[in-house]
file final.cif (mmCIF, C-alpha atoms)
data_my_file
#
loop_
_atom_site.label_atom_id
_atom_site.label_comp_id
_atom_site.auth_asym_id
_atom_site.auth_seq_id
_atom_site.Cartn_x
_atom_site.Cartn_y
_atom_site.Cartn_z
CA MET A 2 0.00 0.00 0.00
CA ALA A 3 2.83 2.44 0.84
CA ASP A 4 4.12 2.08 -2.76
CA LEU A 5 1.04 3.91 -4.02
CA PHE A 6 2.08 7.15 -2.32
CA THR A 7 5.41 8.58 -3.36
CA GLY A 8 4.69 12.15 -2.18
CA GLU A 9 7.21 14.83 -3.06
CA ASN A 10 9.69 12.27 -4.39
CA HIS A 11 7.46 11.97 -7.45
CA ARG A 12 6.16 15.15 -8.98
CA PRO A 13 4.08 14.34 -12.05
CA GLY A 14 4.63 16.68 -14.97
CA ARG A 15 1.85 18.98 -16.01
CA ILE A 16 1.05 21.81 -18.38
CA GLU A 17 -0.70 24.95 -17.12
CA VAL A 18 -1.84 27.63 -19.58
CA ILE A 19 -2.71 31.21 -18.62
CA CYS A 20 -4.42 32.99 -21.52
CA GLY A 21 -6.51 36.04 -22.32
CA SER A 22 -6.28 39.48 -23.92
CA MET A 23 -3.63 42.10 -23.33
CA PHE A 24 -3.80 43.87 -19.94
CA SER A 25 -5.57 40.90 -18.35
CA GLY A 26 -2.79 39.92 -15.91
CA LYS A 27 -1.40 36.85 -17.73
CA THR A 28 2.24 37.71 -17.08
CA GLU A 29 1.47 38.78 -13.49
CA GLU A 30 -0.08 35.37 -12.83
CA LEU A 31 2.85 33.58 -14.52
CA ILE A 32 5.35 35.50 -12.35
CA ARG A 33 3.28 34.81 -9.22
CA ARG A 34 3.30 31.05 -9.85
CA LEU A 35 7.02 31.01 -10.68
CA LYS A 36 7.96 32.99 -7.57
CA ARG A 37 5.95 30.54 -5.44
CA ALA A 38 7.85 27.63 -7.03
CA LYS A 39 11.17 29.38 -6.27
CA PHE A 40 10.02 29.98 -2.69
CA ALA A 41 9.33 26.22 -2.48
CA LYS A 42 13.01 25.72 -3.45
CA GLN A 43 12.19 24.20 -6.82
CA LYS A 44 14.56 24.64 -9.76
CA VAL A 45 12.85 27.19 -12.00
CA GLU A 46 13.75 28.52 -15.46
CA ILE A 47 11.77 31.13 -17.38
CA PHE A 48 11.86 31.59 -21.15
CA LYS A 49 10.52 34.26 -23.45
CA PRO A 50 10.78 34.89 -27.21
CA SER A 51 13.84 36.98 -28.02
CA ILE A 52 11.71 39.35 -30.12
CA ASP A 53 9.93 40.58 -26.96
CA THR A 54 12.14 43.45 -25.80
CA ARG A 55 9.36 45.88 -24.76
CA TYR A 56 10.38 46.32 -21.12
CA SER A 57 13.61 44.33 -20.86
CA GLU A 58 15.78 42.06 -22.97
CA GLU A 59 16.42 39.56 -20.16
CA GLU A 60 13.42 39.81 -17.88
CA VAL A 61 9.77 38.92 -18.13
CA VAL A 62 7.98 42.11 -17.08
CA SER A 63 4.24 42.60 -16.60
CA HIS A 64 2.44 45.82 -17.50
CA ASP A 65 2.43 46.75 -13.80
CA LYS A 66 6.26 46.41 -13.81
CA THR A 67 6.48 43.16 -11.80
CA SER A 68 9.47 41.24 -13.18
CA ILE A 69 11.47 38.02 -13.02
CA LYS A 70 14.74 37.07 -14.71
CA SER A 71 14.33 35.09 -17.92
CA THR A 72 16.23 33.53 -20.80
CA PRO A 73 15.32 34.90 -24.25
CA VAL A 74 15.24 32.22 -26.98
CA ASP A 75 14.70 32.33 -30.75
CA ALA A 76 12.95 28.98 -31.13
CA SER A 77 10.99 26.63 -28.89
CA GLY A 78 13.53 23.82 -29.38
CA SER A 79 16.02 25.85 -27.35
CA ILE A 80 13.76 25.52 -24.31
CA LEU A 81 14.30 21.74 -24.27
CA LEU A 82 18.07 22.16 -24.55
CA LEU A 83 18.25 24.75 -21.76
CA SER A 84 15.94 23.11 -19.23
CA SER A 85 17.74 19.95 -18.13
CA ASP A 86 17.51 19.39 -14.36
CA ILE A 87 14.73 21.98 -14.12
CA GLU A 88 11.55 21.22 -12.16
CA VAL A 89 9.41 24.17 -13.27
CA VAL A 90 9.58 25.86 -16.69
CA GLY A 91 7.83 29.17 -17.31
CA ILE A 92 7.15 30.44 -20.84
CA ASP A 93 5.86 33.96 -21.50
CA GLU A 94 4.37 35.36 -24.73
CA ALA A 95 3.89 31.81 -26.03
CA GLN A 96 1.87 33.02 -29.02
CA PHE A 97 5.12 34.29 -30.60
CA PHE A 98 6.76 30.84 -30.60
CA ASP A 99 6.61 28.30 -33.43
CA GLU A 100 4.13 25.41 -33.46
CA SER A 101 6.86 23.06 -32.12
CA LEU A 102 6.23 24.59 -28.69
CA VAL A 103 3.37 22.11 -28.23
CA ASP A 104 5.72 19.14 -28.62
CA VAL A 105 8.37 20.79 -26.42
CA CYS A 106 5.85 21.30 -23.61
CA ASN A 107 4.58 17.72 -23.91
CA GLN A 108 8.14 16.36 -23.76
CA LEU A 109 8.89 18.41 -20.64
CA ALA A 110 5.65 17.34 -18.93
CA TYR A 111 6.35 13.66 -19.72
CA LYS A 112 9.75 14.10 -18.03
CA GLY A 113 7.98 15.26 -14.85
CA VAL A 114 8.40 19.01 -15.38
CA ARG A 115 5.69 21.49 -14.42
CA VAL A 116 5.29 23.79 -17.44
CA ILE A 117 3.51 27.13 -16.96
CA ILE A 118 2.70 29.04 -20.14
CA ALA A 119 1.27 32.54 -20.60
CA GLY A 120 0.11 34.00 -23.89
CA LEU A 121 -2.53 35.74 -25.94
CA ASP A 122 -5.20 33.29 -27.03
CA MET A 123 -6.28 35.55 -29.94
CA ASP A 124 -4.67 38.15 -32.16
CA PHE A 125 -6.02 41.67 -32.77
CA LYS A 126 -8.59 40.33 -35.27
CA GLY A 127 -10.00 37.80 -32.79
CA ILE A 128 -8.32 34.83 -34.51
CA PRO A 129 -6.67 32.09 -32.38
CA PHE A 130 -2.97 32.95 -32.12
CA GLY A 131 0.05 30.73 -32.85
CA PRO A 132 0.42 27.57 -30.77
CA MET A 133 -1.96 28.80 -28.05
CA PRO A 134 -5.09 26.85 -29.18
CA ALA A 135 -3.14 23.57 -29.26
CA LEU A 136 -1.49 24.37 -25.91
CA CYS A 137 -4.93 24.94 -24.37
CA ALA A 138 -6.04 21.59 -25.78
CA ILE A 139 -3.15 19.59 -24.24
CA ALA A 140 -3.02 21.50 -20.95
CA ASP A 141 -3.87 19.90 -17.63
CA ASP A 142 -5.19 23.27 -16.49
CA VAL A 143 -6.26 26.40 -18.41
CA THR A 144 -6.81 29.73 -16.67
CA LYS A 145 -8.49 32.39 -18.79
CA VAL A 146 -7.96 35.85 -17.34
CA HIS A 147 -9.79 38.97 -18.44
CA ALA A 148 -9.00 42.63 -18.75
CA ILE A 149 -11.80 45.16 -18.47
CA CYS A 150 -13.27 46.64 -21.65
CA VAL A 151 -12.16 50.27 -21.87
CA LYS A 152 -15.44 51.25 -23.59
CA CYS A 153 -18.12 49.76 -21.34
CA GLY A 154 -16.47 48.07 -18.32
CA ALA A 155 -17.51 44.49 -19.21
CA LEU A 156 -15.00 41.63 -19.28
CA ALA A 157 -12.67 42.06 -22.25
CA TYR A 158 -12.70 39.53 -25.05
CA VAL A 159 -9.88 40.67 -27.36
CA SER A 160 -6.92 43.05 -27.73
CA HIS A 161 -8.13 45.65 -30.22
CA ARG A 162 -5.37 47.30 -32.26
CA LEU A 163 -5.51 51.09 -32.30
CA VAL A 164 -2.91 51.71 -35.01
CA GLU A 165 -3.21 51.01 -38.73
CA ASN A 166 -1.01 47.99 -39.33
CA GLU A 167 -2.04 44.58 -40.66
CA ARG A 168 1.06 42.67 -39.51
CA ARG A 169 -0.01 39.91 -37.17
CA VAL A 170 2.93 40.41 -34.81
CA LEU A 171 3.21 44.00 -33.66
CA LEU A 172 4.67 44.46 -30.19
CA GLY A 173 2.87 47.18 -28.32
CA GLU A 174 1.20 48.49 -25.24
CA GLN A 175 -1.55 50.96 -24.37
CA LEU A 176 -0.83 53.28 -27.30
CA GLU A 177 -1.23 50.40 -29.77
CA TYR A 178 -3.87 48.18 -28.13
CA GLU A 179 -6.94 48.36 -25.94
CA PRO A 180 -8.98 45.57 -24.35
CA LEU A 181 -12.56 45.37 -25.65
CA CYS A 182 -15.52 43.12 -24.88
CA ARG A 183 -17.10 41.17 -27.73
CA GLU A 184 -19.86 43.75 -28.33
CA CYS A 185 -17.54 46.80 -28.34
CA PHE A 186 -15.08 44.92 -30.55
CA GLN A 187 -17.83 44.28 -33.11
CA LYS A 188 -18.92 47.95 -32.99
CA SER A 189 -15.32 49.07 -33.50
CA LYS A 190 -14.89 46.75 -36.51
CA LYS A 191 -18.06 48.19 -38.11
CA GLU A 192 -16.85 51.75 -37.53
CA HIS A 193 -13.57 51.05 -39.33
CA THR A 194 -15.06 49.11 -42.25
CA PRO A 195 -15.33 51.26 -45.42
#
call {"tool": "encode", "arguments": {"input": "final.cif", "output": "structure tokens"}}
result
Amino acid sequence: MADLFTGENHRPGRIEVICGSMFSGKTEELIRRLKRAKFAKQKVEIFKPSIDTRYSEEEVVSHDKTSIKSTPVDASGSILLLSSDIEVVGIDEAQFFDESLVDVCNQLAYKGVRVIIAGLDMDFKGIPFGPMPALCAIADDVTKVHAICVKCGALAYVSHRLVENERRVLLGEQLEYEPLCRECFQKSKKEHTP
């Protein structure tokens, strides 16, 4: 009977996804979970896409300026190479990674690693973004966080782009994006349609 309970000697791997629009607290929640793991004396490594240099080149920083040291990487395969002997892996801005991130996260979880991922679930047009839909599908736990719609105060649905630019990846903050609920997003699309 005692063989059934291995306690802390056996930590099963898992994948946790934190998703939502911009300004919803995704990175704050990621940092909170990672700091708790560090406090519990677990070996933690945090990764972010090297293209994300908005606040810092080597830190994950939330919009409210909470930060944690990270390793910038160009491709998801690098995460596997750099995370040997790590118990908890954090990944921020996952939507900017290639589709191989899904396989990387599965491999880590099967090795007993707790993987915590934060990213936008949709782009500025309301279309599922990068590997995020597949990551939500394979996750053991998905937490959807919400910003507040700047137009009406309801829960935000999407990050609406304020600047004229059709590129899918456009790093930005409050001057470039605003959180909108579904209804206000639809109204805004109609206003900007010729």
call {"tool": "atom_distance", "arguments": {"input": "final.cif", "atom1": "CA of Cys106 (chain A)", "atom2": "CA of Ser160 (chain A)"}}
result
25.6 Å
call {"tool": "atom_distance", "arguments": {"input": "final.cif", "atom1": "CA of Ala148 (chain A)", "atom2": "CA of Phe125 (chain A)"}}
result
14.4 Å
call {"tool": "atom_distance", "arguments": {"input": "final.cif", "atom1": "CA of Thr144 (chain A)", "atom2": "CA of Glu17 (chain A)"}}
result
7.8 Å
call {"tool": "resolve_selection", "arguments": {"input": "final.cif", "expression": "the PyMOL selection byres ((chain A and resi 137) around 12)", "output": "PyMOL selection string"}}
result
chain A and resi 16-21+95-96+102-103+106-107+117-122+129-136+138-145
call {"tool": "resolve_selection", "arguments": {"input": "final.cif", "expression": "the PyMOL selection byres ((chain A and resi 163) around 7)", "output": "PDB file with C-alpha atoms, in the coordinates of the input"}}
result
ATOM      1  CA  HIS A 161      -8.130  45.650 -30.220  1.00  0.00           C
ATOM      2  CA  ARG A 162      -5.370  47.300 -32.260  1.00  0.00           C
ATOM      3  CA  VAL A 164      -2.910  51.710 -35.010  1.00  0.00           C
ATOM      4  CA  GLU A 165      -3.210  51.010 -38.730  1.00  0.00           C
ATOM      5  CA  GLU A 177      -1.230  50.400 -29.770  1.00  0.00           C
ATOM      6  CA  TYR A 178      -3.870  48.180 -28.130  1.00  0.00           C
TER       7      TYR A 178
END
call {"tool": "resolve_selection", "arguments": {"input": "final.cif", "expression": "the PyMOL selection byres ((chain A and resi 35) around 10)", "output": "list in words"}}
result
Glu29, Glu30, Leu31, Ile32, Arg33, Arg34, Lys36, Arg37, Ala38, Lys39, Phe40, Ala41, Gln43, Lys44, Val45, Glu46, Ile47, Ile69, Val89, Val90, Gly91 and Ile117 of chain A
call {"tool": "axis_aligned_box", "arguments": {"input": "final.cif", "around": "region 12-18 of chain A", "padding_each_side": "6 Å", "output": "AutoDock Vina command-line options"}}
result
--center_x 2.2 --center_y 21.0 --center_z -14.3 --size_x 20.0 --size_y 25.3 --size_z 22.6
call {"tool": "closest_residue", "arguments": {"input": "final.cif", "among": "A:Arg15, A:Lys27, A:Lys126, A:Lys70", "to": "Ser189 (chain A)", "atoms": "all atoms listed in the file"}}
result
A:Lys126
call {"tool": "residues_near_point", "arguments": {"input": "final.cif", "point": "(10.1, 21.5, -26.8)", "cutoff": "6 Å", "atoms": "all atoms listed in the file", "output": "tab-separated table (two decimals) with C-alpha atoms, keeping the file's coordinate frame"}}
result
chain	number	residue	atom	x	y	z
A	77	SER	CA	10.99	26.63	-28.89
A	78	GLY	CA	13.53	23.82	-29.38
A	80	ILE	CA	13.76	25.52	-24.31
A	81	LEU	CA	14.30	21.74	-24.27
A	102	LEU	CA	6.23	24.59	-28.69
A	104	ASP	CA	5.72	19.14	-28.62
A	105	VAL	CA	8.37	20.79	-26.42
A	106	CYS	CA	5.85	21.30	-23.61
call {"tool": "closest_residue", "arguments": {"input": "final.cif", "among": "A:Gly127, A:Phe97, A:Glu88, A:Leu83", "to": "Tyr111 (chain A)", "atoms": "all atoms listed in the file"}}
result
A:Glu88
call {"tool": "decode", "arguments": {"input": "final.cif", "residues": "region 154-166 of chain A", "atoms": "all heavy atoms", "output": "tab-separated table (two decimals), in the first residue's frame"}}
result
chain	number	residue	atom	x	y	z
A	154	GLY	N	-16.72	48.64	-19.64
A	154	GLY	CA	-16.47	48.07	-18.32
A	154	GLY	C	-16.80	46.59	-18.18
A	154	GLY	O	-16.63	46.02	-17.11
A	155	ALA	N	-17.25	45.94	-19.25
A	155	ALA	CA	-17.51	44.49	-19.21
A	155	ALA	C	-16.17	43.74	-19.27
A	155	ALA	O	-15.11	44.35	-19.44
A	155	ALA	CB	-18.39	44.10	-20.39
A	156	LEU	N	-16.23	42.42	-19.15
A	156	LEU	CA	-15.00	41.63	-19.28
A	156	LEU	C	-14.52	41.70	-20.73
A	156	LEU	O	-15.31	41.53	-21.67
A	156	LEU	CB	-15.26	40.17	-18.89
A	156	LEU	CG	-15.53	39.91	-17.42
A	156	LEU	CD1	-15.77	38.42	-17.19
A	156	LEU	CD2	-14.40	40.41	-16.53
A	157	ALA	N	-13.24	41.94	-20.90
A	157	ALA	CA	-12.67	42.06	-22.25
A	157	ALA	C	-12.59	40.70	-22.91
A	157	ALA	O	-12.40	39.67	-22.26
A	157	ALA	CB	-11.29	42.70	-22.19
A	158	TYR	N	-12.70	40.73	-24.22
A	158	TYR	CA	-12.70	39.53	-25.05
A	158	TYR	C	-11.43	39.47	-25.91
A	158	TYR	O	-10.89	38.41	-26.16
A	158	TYR	CB	-13.97	39.58	-25.92
A	158	TYR	CG	-14.00	38.70	-27.13
A	158	TYR	CD1	-14.19	37.33	-27.01
A	158	TYR	CD2	-13.87	39.25	-28.41
A	158	TYR	CE1	-14.25	36.52	-28.13
A	158	TYR	CE2	-13.93	38.44	-29.53
A	158	TYR	CZ	-14.11	37.08	-29.39
A	158	TYR	OH	-14.17	36.28	-30.50
A	159	VAL	N	-10.95	40.63	-26.37
A	159	VAL	CA	-9.88	40.67	-27.36
A	159	VAL	C	-9.03	41.92	-27.17
A	159	VAL	O	-9.47	42.89	-26.55
A	159	VAL	CB	-10.49	40.62	-28.79
A	159	VAL	CG1	-11.18	41.93	-29.15
A	159	VAL	CG2	-9.46	40.25	-29.83
A	160	SER	N	-7.82	41.88	-27.71
A	160	SER	CA	-6.92	43.05	-27.73
A	160	SER	C	-7.14	43.77	-29.05
A	160	SER	O	-6.70	43.30	-30.10
A	160	SER	CB	-5.46	42.60	-27.63
A	160	SER	OG	-5.27	41.75	-26.53
A	161	HIS	N	-7.83	44.88	-29.01
A	161	HIS	CA	-8.13	45.65	-30.22
A	161	HIS	C	-6.94	46.55	-30.56
A	161	HIS	O	-6.43	47.27	-29.71
A	161	HIS	CB	-9.38	46.50	-29.98
A	161	HIS	CG	-9.72	47.41	-31.10
A	161	HIS	ND1	-9.63	48.78	-30.99
A	161	HIS	CD2	-10.12	47.15	-32.37
A	161	HIS	CE1	-9.98	49.33	-32.14
A	161	HIS	NE2	-10.28	48.37	-32.98
A	162	ARG	N	-6.52	46.49	-31.82
A	162	ARG	CA	-5.37	47.30	-32.26
A	162	ARG	C	-5.85	48.70	-32.61
A	162	ARG	O	-6.80	48.88	-33.36
A	162	ARG	CB	-4.68	46.65	-33.45
A	162	ARG	CG	-3.39	47.36	-33.82
A	162	ARG	CD	-2.63	46.65	-34.91
A	162	ARG	NE	-2.00	45.44	-34.40
A	162	ARG	CZ	-1.40	44.54	-35.18
A	162	ARG	NH1	-1.36	44.72	-36.50
A	162	ARG	NH2	-0.85	43.47	-34.66
A	163	LEU	N	-5.15	49.69	-32.09
A	163	LEU	CA	-5.51	51.09	-32.30
A	163	LEU	C	-4.78	51.74	-33.46
A	163	LEU	O	-5.17	52.81	-33.92
A	163	LEU	CB	-5.22	51.90	-31.02
A	163	LEU	CG	-6.04	51.49	-29.79
A	163	LEU	CD1	-5.48	52.14	-28.55
A	163	LEU	CD2	-7.49	51.86	-29.99
A	164	VAL	N	-3.71	51.14	-33.93
A	164	VAL	CA	-2.91	51.71	-35.01
A	164	VAL	C	-3.17	50.95	-36.31
A	164	VAL	O	-3.50	49.77	-36.29
A	164	VAL	CB	-1.39	51.69	-34.68
A	164	VAL	CG1	-1.10	52.59	-33.49
A	164	VAL	CG2	-0.89	50.29	-34.40
A	165	GLU	N	-3.02	51.63	-37.42
A	165	GLU	CA	-3.21	51.01	-38.73
A	165	GLU	C	-1.98	50.19	-39.08
A	165	GLU	O	-0.93	50.75	-39.39
A	165	GLU	CB	-3.45	52.08	-39.80
A	165	GLU	CG	-4.77	52.83	-39.65
A	165	GLU	CD	-5.97	51.93	-39.87
A	165	GLU	OE1	-5.92	51.04	-40.74
A	165	GLU	OE2	-6.97	52.12	-39.15
A	166	ASN	N	-2.10	48.88	-38.98
A	166	ASN	CA	-1.01	47.99	-39.33
A	166	ASN	C	-1.61	46.59	-39.38
A	166	ASN	O	-2.21	46.13	-38.40
A	166	ASN	CB	0.12	48.06	-38.29
A	166	ASN	CG	1.36	47.31	-38.73
A	166	ASN	OD1	1.28	46.23	-39.28
A	166	ASN	ND2	2.51	47.91	-38.48
